[in-house]
Every structure is written in structure tokens, then in C-alpha cells.
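J.: My structure is stored as coords_12.cif, with mmCIF, C-alpha atoms and all ligand atoms.
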data_start
loop_
_atom_site.label_atom_id
_atom_site.label_comp_id
_atom_site.auth_asym_id
_atom_site.auth_seq_id
_atom_site.Cartn_x
_atom_site.Cartn_y
_atom_site.Cartn_z
CA MET A 13 -18.82 -13.37 14.01
CA ASN A 14 -20.61 -14.38 17.21
CA LEU A 15 -20.97 -11.50 19.63
CA THR A 16 -18.30 -11.97 22.29
CA THR A 17 -17.99 -9.89 25.43
CA ARG A 18 -15.63 -10.09 28.38
CA PHE A 19 -15.11 -8.99 31.94
CA ALA A 20 -11.46 -8.25 32.72
CA PRO A 21 -10.89 -7.54 36.41
CA SER A 22 -7.52 -7.03 38.08
CA PRO A 23 -7.08 -9.20 41.20
CA THR A 24 -5.87 -6.30 43.31
CA GLY A 25 -8.85 -5.88 45.62
CA PRO A 26 -12.48 -6.88 46.16
CA LEU A 27 -15.03 -6.57 43.36
CA HIS A 28 -17.58 -3.87 44.16
CA LEU A 29 -20.93 -2.84 42.70
CA GLY A 30 -19.26 -1.10 39.74
CA HIS A 31 -17.56 -4.35 38.76
CA ALA A 32 -20.82 -6.23 39.16
CA TYR A 33 -22.43 -3.74 36.76
CA SER A 34 -19.73 -4.22 34.07
CA ALA A 35 -19.74 -7.99 34.45
CA LEU A 36 -23.53 -8.39 34.40
CA LEU A 37 -23.99 -6.00 31.46
CA ALA A 38 -21.36 -7.92 29.47
CA TYR A 39 -22.91 -11.25 30.45
CA ASP A 40 -26.48 -10.20 29.69
CA MET A 41 -25.49 -8.68 26.35
CA ALA A 42 -23.75 -11.89 25.26
CA LYS A 43 -26.63 -14.10 26.39
CA ALA A 44 -29.28 -11.91 24.73
CA ALA A 45 -27.44 -12.20 21.41
CA GLY A 46 -26.72 -15.92 21.71
CA GLY A 47 -23.04 -15.00 21.99
CA GLN A 48 -20.20 -15.73 24.36
CA PHE A 49 -19.07 -14.18 27.63
CA LEU A 50 -15.40 -14.58 28.57
CA LEU A 51 -13.46 -13.81 31.70
CA ARG A 52 -9.88 -12.53 31.74
CA ILE A 53 -7.68 -11.92 34.75
CA GLU A 54 -5.61 -8.76 34.31
CA ASP A 55 -2.69 -9.54 36.56
CA ILE A 56 0.28 -7.84 34.87
CA ASP A 57 0.91 -5.83 38.02
CA GLN A 58 2.41 -8.68 40.00
CA SER A 59 3.30 -6.34 42.86
CA ARG A 60 -0.42 -5.83 43.55
CA ALA A 61 -2.11 -9.00 42.26
CA ARG A 62 -2.97 -11.57 44.96
CA PRO A 63 -4.22 -15.17 44.52
CA GLU A 64 -6.80 -14.61 47.26
CA TRP A 65 -8.35 -11.70 45.32
CA GLU A 66 -8.45 -13.85 42.18
CA ALA A 67 -10.20 -16.64 44.11
CA GLN A 68 -12.69 -14.09 45.48
CA ILE A 69 -13.40 -12.84 41.92
CA TYR A 70 -14.33 -16.36 40.74
CA ASP A 71 -16.43 -16.88 43.83
CA ASP A 72 -18.33 -13.56 43.58
CA LEU A 73 -18.98 -13.94 39.84
CA HIS A 74 -20.27 -17.53 40.23
CA TRP A 75 -22.48 -16.35 43.07
CA LEU A 76 -23.87 -13.60 40.79
CA GLY A 77 -24.87 -16.38 38.37
CA LEU A 78 -22.17 -15.88 35.73
CA GLU A 79 -20.42 -18.69 33.90
CA TRP A 80 -17.59 -18.68 31.41
CA PRO A 81 -15.44 -21.15 29.51
CA GLU A 82 -12.26 -22.46 31.15
CA PRO A 83 -9.35 -22.02 31.17
CA VAL A 84 -9.52 -18.32 31.91
CA MET A 85 -6.97 -16.12 30.12
CA ARG A 86 -4.46 -14.63 32.56
CA GLN A 87 -2.23 -11.79 31.45
CA SER A 88 0.73 -13.00 33.51
CA GLY A 89 1.01 -15.94 31.11
CA ARG A 90 1.20 -13.75 28.01
CA MET A 91 4.38 -11.74 28.44
CA ALA A 92 5.92 -13.23 25.25
CA VAL A 93 2.97 -11.95 23.19
CA TYR A 94 3.37 -8.46 24.64
CA GLN A 95 7.12 -8.48 23.92
CA GLN A 96 6.50 -9.50 20.34
CA ALA A 97 4.06 -6.62 19.82
CA LEU A 98 6.55 -4.17 21.31
CA ALA A 99 9.18 -5.44 18.86
CA GLN A 100 6.71 -4.88 16.02
CA ILE A 101 6.09 -1.25 17.06
CA LYS A 102 9.81 -0.72 17.64
CA ALA A 103 10.56 -2.00 14.14
CA LYS A 104 8.36 0.82 12.81
CA GLY A 105 10.60 3.31 14.67
CA LEU A 106 7.78 4.40 16.99
CA LEU A 107 9.15 3.47 20.43
CA TYR A 108 11.73 5.15 22.60
CA ARG A 109 13.26 4.47 25.97
CA CYS A 110 12.35 6.83 28.78
CA THR A 111 14.02 7.08 32.18
CA CYS A 112 11.89 9.91 33.61
CA ASN A 113 10.20 9.38 36.93
CA ARG A 114 7.20 11.34 38.09
CA ARG A 115 9.36 14.05 39.62
CA ASP A 116 11.38 14.52 36.38
CA ILE A 117 8.14 14.97 34.45
CA GLU A 118 6.75 17.50 36.93
CA ALA A 119 10.03 19.44 36.84
CA ALA A 120 10.06 19.50 33.01
CA ILE A 121 6.49 20.76 32.91
CA ALA A 122 7.18 23.44 35.52
CA ALA A 123 10.28 24.71 33.65
CA PRO A 124 9.66 28.22 32.25
CA GLN A 125 10.69 27.31 28.69
CA GLU A 126 7.91 24.74 28.48
CA GLY A 127 5.42 27.59 28.67
CA ALA A 128 1.89 26.20 28.49
CA PRO A 129 0.16 24.77 31.58
CA ALA A 130 0.22 20.98 31.96
CA ALA A 131 -2.31 19.11 29.86
CA TYR A 132 -3.89 15.89 31.04
CA GLY A 133 -4.68 12.76 29.05
CA PRO A 134 -6.02 9.28 29.81
CA ASP A 135 -2.82 8.42 31.74
CA GLY A 136 -2.53 11.68 33.65
CA VAL A 137 -0.24 14.53 32.70
CA ILE A 138 0.84 14.51 29.02
CA TYR A 139 4.50 13.55 28.82
CA PRO A 140 6.60 16.60 27.84
CA GLY A 141 8.86 14.52 25.58
CA THR A 142 12.13 14.89 27.50
CA CYS A 143 13.58 11.49 26.45
CA ARG A 144 12.13 11.47 22.93
CA LYS A 145 15.31 12.28 21.06
CA LEU A 146 17.75 10.93 23.64
CA ASP A 147 19.27 7.49 23.48
CA ARG A 148 18.56 6.29 26.99
CA PRO A 149 20.19 3.08 28.27
CA ASP A 150 18.18 -0.13 28.07
CA LYS A 151 18.25 -0.94 31.73
CA ASP A 152 15.54 0.57 33.90
CA ALA A 153 13.89 2.37 31.02
CA ALA A 154 10.20 2.42 30.22
CA LEU A 155 9.15 2.24 26.55
CA ARG A 156 7.04 5.10 25.25
CA LEU A 157 5.15 5.41 22.02
CA ASP A 158 6.26 8.37 19.92
CA THR A 159 2.70 9.47 19.21
CA GLY A 160 3.71 12.27 16.81
CA GLU A 161 5.70 9.80 14.69
CA ALA A 162 2.84 7.30 14.95
CA SER A 163 0.43 9.90 13.52
CA LEU A 164 2.81 10.56 10.62
CA TYR A 165 3.16 6.82 10.09
CA LEU A 166 -0.63 6.46 9.82
CA GLY A 167 -0.81 9.35 7.36
CA ALA A 168 -4.32 9.97 6.10
CA LEU A 169 -5.73 6.87 7.79
CA GLU A 170 -8.71 7.90 9.90
CA LEU A 171 -9.03 6.37 13.35
CA SER A 172 -12.53 5.72 14.57
CA PHE A 173 -14.66 3.41 16.65
CA ILE A 174 -18.33 2.75 17.30
CA GLU A 175 -19.58 3.60 20.78
CA THR A 176 -22.92 2.23 21.95
CA GLY A 177 -22.79 3.49 25.54
CA PRO A 178 -25.26 6.10 26.83
CA VAL A 179 -22.82 9.00 27.20
CA HIS A 180 -21.04 9.28 23.82
CA THR A 181 -23.32 7.27 21.53
CA GLY A 182 -22.30 6.85 17.88
CA GLN A 183 -19.23 6.84 15.68
CA GLN A 184 -16.19 8.49 17.29
CA THR A 185 -13.32 9.77 15.19
CA ILE A 186 -9.85 10.49 16.52
CA THR A 187 -7.71 13.15 14.82
CA PRO A 188 -3.88 13.21 14.78
CA HIS A 189 -4.04 16.53 16.66
CA GLU A 190 -6.04 14.89 19.43
CA LEU A 191 -3.59 12.01 19.65
CA ILE A 192 -0.62 14.32 20.00
CA HIS A 193 -2.18 16.91 22.31
CA SER A 194 -4.64 14.98 24.42
CA VAL A 195 -3.03 11.54 24.53
CA GLY A 196 0.68 12.19 24.07
CA ASP A 197 3.57 9.74 24.34
CA ILE A 198 2.08 7.03 26.49
CA VAL A 199 4.07 4.29 28.22
CA LEU A 200 3.64 0.95 26.45
CA ALA A 201 6.02 -0.98 28.68
CA ARG A 202 6.50 0.01 32.29
CA ARG A 203 9.97 -0.59 33.59
CA ASP A 204 8.67 -2.76 36.44
CA MET A 205 6.40 -4.99 34.35
CA GLY A 206 7.60 -4.99 30.74
CA THR A 207 4.13 -4.16 29.43
CA SER A 208 1.23 -1.83 30.22
CA TYR A 209 -2.52 -1.98 30.66
CA HIS A 210 -3.07 -0.38 27.21
CA LEU A 211 -0.85 -2.76 25.25
CA SER A 212 -2.06 -5.88 27.03
CA VAL A 213 -5.76 -5.08 26.86
CA VAL A 214 -5.61 -4.48 23.12
CA LEU A 215 -3.69 -7.69 22.41
CA ASP A 216 -5.89 -9.75 24.71
CA ASP A 217 -9.20 -8.44 23.37
CA ALA A 218 -7.96 -9.37 19.88
CA ALA A 219 -6.69 -12.80 20.99
CA GLN A 220 -10.02 -13.58 22.65
CA GLY A 221 -12.02 -12.41 19.63
CA ILE A 222 -13.89 -9.80 21.67
CA THR A 223 -16.45 -8.05 19.45
CA ASP A 224 -17.97 -5.81 22.14
CA VAL A 225 -16.04 -4.27 25.03
CA ILE A 226 -18.26 -3.27 27.95
CA ARG A 227 -16.59 -1.23 30.69
CA GLY A 228 -16.91 1.92 32.77
CA GLU A 229 -17.10 5.44 31.35
CA ASP A 230 -13.78 6.23 33.09
CA LEU A 231 -12.04 4.30 30.29
CA PHE A 232 -13.70 6.15 27.39
CA GLU A 233 -10.70 8.44 26.78
CA ALA A 234 -8.28 5.50 26.95
CA THR A 235 -10.12 3.98 23.99
CA LYS A 236 -8.32 6.49 21.75
CA ILE A 237 -5.05 4.84 22.76
CA HIS A 238 -6.52 1.40 22.21
CA VAL A 239 -7.75 2.21 18.69
CA LEU A 240 -4.35 3.71 17.82
CA LEU A 241 -2.59 0.53 19.02
CA GLN A 242 -5.07 -1.71 17.17
CA THR A 243 -4.34 0.20 13.98
CA LEU A 244 -0.55 0.06 14.43
CA LEU A 245 -0.69 -3.67 15.21
CA ASP A 246 -3.23 -4.52 12.51
CA LEU A 247 -5.83 -5.74 14.97
CA PRO A 248 -9.62 -5.38 14.66
CA THR A 249 -11.34 -2.61 16.64
CA PRO A 250 -14.28 -3.94 18.67
CA THR A 251 -17.46 -1.99 19.34
CA TYR A 252 -17.24 -0.19 22.69
CA HIS A 253 -19.91 0.35 25.29
CA HIS A 254 -18.84 2.58 28.18
CA HIS A 255 -21.46 2.50 30.89
CA ALA A 256 -22.19 5.16 33.50
CA LEU A 257 -20.24 4.72 36.71
CA ILE A 258 -21.85 3.45 39.87
CA ARG A 259 -21.36 6.10 42.54
CA ASP A 260 -21.61 6.16 46.28
CA ASP A 261 -24.24 8.22 48.14
CA ALA A 262 -21.95 11.27 48.00
CA GLY A 263 -21.67 10.95 44.20
CA LYS A 264 -18.08 9.70 44.28
CA ARG A 265 -17.16 6.82 41.97
CA LEU A 266 -16.41 3.55 43.68
CA ALA A 267 -12.80 2.47 44.04
CA LYS A 268 -11.18 -0.84 44.96
CA ARG A 269 -10.67 0.44 48.48
CA ASP A 270 -14.41 1.01 48.94
CA ASP A 271 -14.76 -2.20 50.85
CA ALA A 272 -18.16 -1.04 52.08
CA ARG A 273 -19.53 -1.60 48.55
CA ALA A 274 -17.72 -4.91 48.05
CA ILE A 275 -19.94 -7.67 46.73
CA ALA A 276 -18.50 -9.94 49.42
CA LYS A 277 -19.76 -7.51 52.07
CA TYR A 278 -23.30 -7.49 50.65
CA ARG A 279 -23.17 -11.30 50.48
CA ALA A 280 -22.08 -11.50 54.11
CA ASP A 281 -24.97 -9.18 55.02
CA GLY A 282 -27.45 -11.58 53.39
CA ALA A 283 -28.11 -9.89 50.03
CA THR A 284 -29.13 -12.09 47.08
CA PRO A 285 -27.84 -11.78 43.48
CA ALA A 286 -31.26 -10.31 42.60
CA ASP A 287 -30.73 -7.62 45.28
CA ILE A 288 -27.39 -6.72 43.67
CA ARG A 289 -29.03 -6.44 40.23
CA LYS A 290 -31.69 -4.19 41.70
CA MET A 291 -29.11 -1.99 43.46
CA ILE A 292 -27.35 -1.25 40.19
CA GLY A 293 -30.53 -0.77 38.21
CA LEU A 294 -30.56 -4.01 36.20
N1 LIG A 301 -8.47 -4.50 34.39
C1 LIG A 301 -9.19 -3.30 34.10
C2 LIG A 301 -9.88 -2.83 35.37
O1 LIG A 301 -10.08 -3.64 36.28
C3 LIG A 301 -10.21 -3.56 33.01
C4 LIG A 301 -10.22 -2.51 32.01
C5 LIG A 301 -11.02 -2.85 30.75
O2 LIG A 301 -12.14 -3.37 30.87
O3 LIG A 301 -10.52 -2.58 29.67
O4 LIG A 301 -10.19 -1.66 35.47
#
Turn the structure described in the file into C-alpha cells.

T.:
Amino acid sequence: MNLTTRFAPSPTGPLHLGHAYSALLAYDMAKAAGGQFLLRIEDIDQSRARPEWEAQIYDDLHWLGLEWPEPVMRQSGRMAVYQQALAQIKAKGLLYRCTCNRRDIEAAIAAPQEGAPAAYGPDGVIYPGTCRKLDRPDKDAALRLDTGEASLYLGALELSFIETGPVHTGQQTITPHELIHSVGDIVLARRDMGTSYHLSVVLDDAAQGITDVIRGEDLFEATKIHVLLQTLLDLPTPTYHHHALIRDDAGKRLAKRDDARAIAKYRADGATPADIRKMIGL
């Protein structure tokens, strides 16, 4: 298969140098291999996505010299696909409804009978399992993966992926123990959006035939969730390349709100695309 990479920004703020790094690495890798670079707009969070940010993304990426085939995949148009995948996982008996809010989860973890200190996974604190065996009402419930049941379902099947990034280079294996204790019961459908980043990204990478996912090191741990979902949904696992994060002068990673590092700001100040490449070490 032709090497296919993608850049998958969320239109919830300006692209900054970290985004430029992901996008250019993915673009350069595809071009060097005679492959394809695709763009995808990750706009499932309709409360935060804005058309003006999406327009700015296209503008900044074109300015950087990137091109991609049209039409661009947009997650907001794929809700039916996400629902179908949820039904598939539900049919395996691996989903449950959860009505806990953040405060409920904190209270459950702080309760003396829970004992151990809170553990953290890719999505924050590991869910203590309060709703797992309860039949919560449909309305206003999130859908969580029963990760313990999912591990039993997979049996002896070994989960693994190839990582080509500089930090964790090589084959990575994921044990059932790790899934249960350092990933936990993750939300696959948020009550406000009917899906989640993890579910959508896995389905979209498969639908777009992505062979190589290039993204920031902050998503390395989340890849365990993605490989688990790929296995449960019978989807191929791409090769992953998690690059080092671009940091500000104080060593802090850049966030959407770091407007000072926005590509648009550098453009307005007269920087060229070559200057941007130089700034991020390309
Ligand atoms: N939409 C995600 C972000 O902007 C992309 C994550 C990914 O590349 O998998 O952080």
C-alpha cells in the first residue's frame, strides 16, 4: 500500500508551531516516499469548533506550502459511522452507560473503601468503575468501554504497534494488565457529542487508509487505546511516529491558547515558510 499520512487538526483555535511541525513532518514523509498526504478536520466538538478557525487552518497550511486532495474529510459528517461502530462494540457486550460527572468520579476515588491513590491514564484519572454494573438510563449517559471485559474478549491476542518516533522507537506491546490499570474504562461516546476523539480518530484513520500516523508525543499513551479499538473493530493498525513536542522558551509545551506562537502571528510579522521550518528544526 502507498504510504499515506495525515494531519488532523481541530478547528478550535489557531495553529501554532507544534501543529506546523506535525503537518510538515507528515507532508515531507509522504512526499519522500512518493505517497499521499491527507487533511482531516476533527470537528466533533461542535461547541468549540468555529468556521473561522477552519478557514485559518486551510490558509496557514497552504501558506506553508502544503497541498492535499479535496474534499477534506470532516468528522462532523461521519456521525453515522461512529454510531455503527458503537453498536458493534455494544453487541460484544463491552459498553456500558455512565452518568458520572467529574465530581462523582473524584468523590468515588476519595472514598476510603477505594483505598489506593488515584491512577492517571491517557484521559486523566482512571475511572473507578462506579456505573459498570449498574443499568443507567439511556438519556444523558456517556458510553464507556468495559476494558476488563474487552481484555477477556481478546483472550491471548497480543496487542502491539510499531513506533518510529525518536522517544519510544520500536515495537510496543500492550498487556491486558496495562489496559486495565493504566488505561481503564475510557469514554467512547461523550454525552454531549455521541462520540469521542479516540473512537473517531481510529475509524477515520482506517477510512482514509492512513498507513503512518505522525503526531505529538503527548498522544503516545493514547495509542494504547487506539490499538485496542482497532483490534475490537477489526481495523488495521498503522505505524505510529510520535514526535518531540515544540516547547516555548520556558520549556512549556505549546497550547492552542498560545497565540504568541500562532503561525498567523509569525506571518503577520513577516516570517516566511522557510523561517517557520527553520524555527522548528526542519
Ligand atoms: N485533533 C487532534 C489534535 O488536534 C489530532 C490528534 C491526532 O493526530 O491523532 O490534537

J.: Could you check which of A:Leu106, A:Ala61, A:Leu231, A:Cys143 is closest to ligand LIG 301 (chain A), using only C-alpha atoms and all ligand atoms?

T.: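 Closest residue, counting only C-alpha atoms and all ligand atoms: A:Leu231.
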
J.: With only C-alpha atoms as the atoms that count, which of A:Ala67, A:His193, A:Glu170, A:Ala201 lies nearest to Thr111 (chain A)?

T.: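 Ranked by minimum distance to Thr111 (chain A), first place goes to A:Ala201.
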
J.: Which residues are near ligand LIG 301 (chain A) - at most 6 Å, using all atoms listed in the file? Format: as a VMD selection string.

T.: chain A and resid 20 to 22 54 227

J.: Rounded to one decimal, what separation in Å do you get between CA of Ala162 (chain A) and CA of Lys102 (chain A)?

T.: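 Calculated distance between CA of Ala162 (chain A) and CA of Lys102 (chain A) is 11.0 Å.
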
J.: For Ile237 (chain A), work out the shell of residues within 8 Å, counting all atoms listed in the file and skipping chain neighbours fewer than 3 positions away, then give it as number ranges by chain.

T.: A: 191, 195, 210, 233-234, 240-241

J.: Got a sec: who's within 12 Å of Ala286 (chain A), counting all atoms listed in the file, leaving out chain neighbours fewer than 3 positions off, as a PyMOL selection string?

T.: chain A and resi 32+36+75-77+278-279+282-283+289-294

J.: With only C-alpha atoms as the basis for distance, which of A:Leu27, A:Ile198, A:Met91, A:Ala103 is at the shortest distance from Asp55 (chain A)?

T.: A:Met91

J.: Which of these, A:Phe19, A:Tyr94, A:Tyr108, A:Tyr33, has the shortest distance to Ala154 (chain A) once you count all atoms listed in the file?

T.: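 Among the listed residues, the smallest separation from Ala154 (chain A) belongs to A:Tyr108.
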
J.: Considering only C-alpha atoms, return as JSON, numbers by chain whatever protein or nucleic-acid residues lie within 10 Å of Ser163 (chain A), sequence-local ones (same chain, fewer than 5 positions apart) excluded.

T.: {"A": [106, 158, 168, 169, 187, 188, 189, 191, 192, 240, 244]}

J.: Point out the residue among A:Arg156, A:Arg18, A:Arg203, A:His28 with the least atom-to-atom distance to Leu257 (chain A), counting all atoms listed in the file.

T.: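 Closest to Leu257 (chain A) of all the choices is A:His28.
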
J.: For CA of Thr235 (chain A) and CA of Glu190 (chain A), determine how far apart the two atoms are, in Å to one decimal place.

T.: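 About the pair CA of Thr235 (chain A) and CA of Glu190 (chain A): they are 12.5 Å apart.
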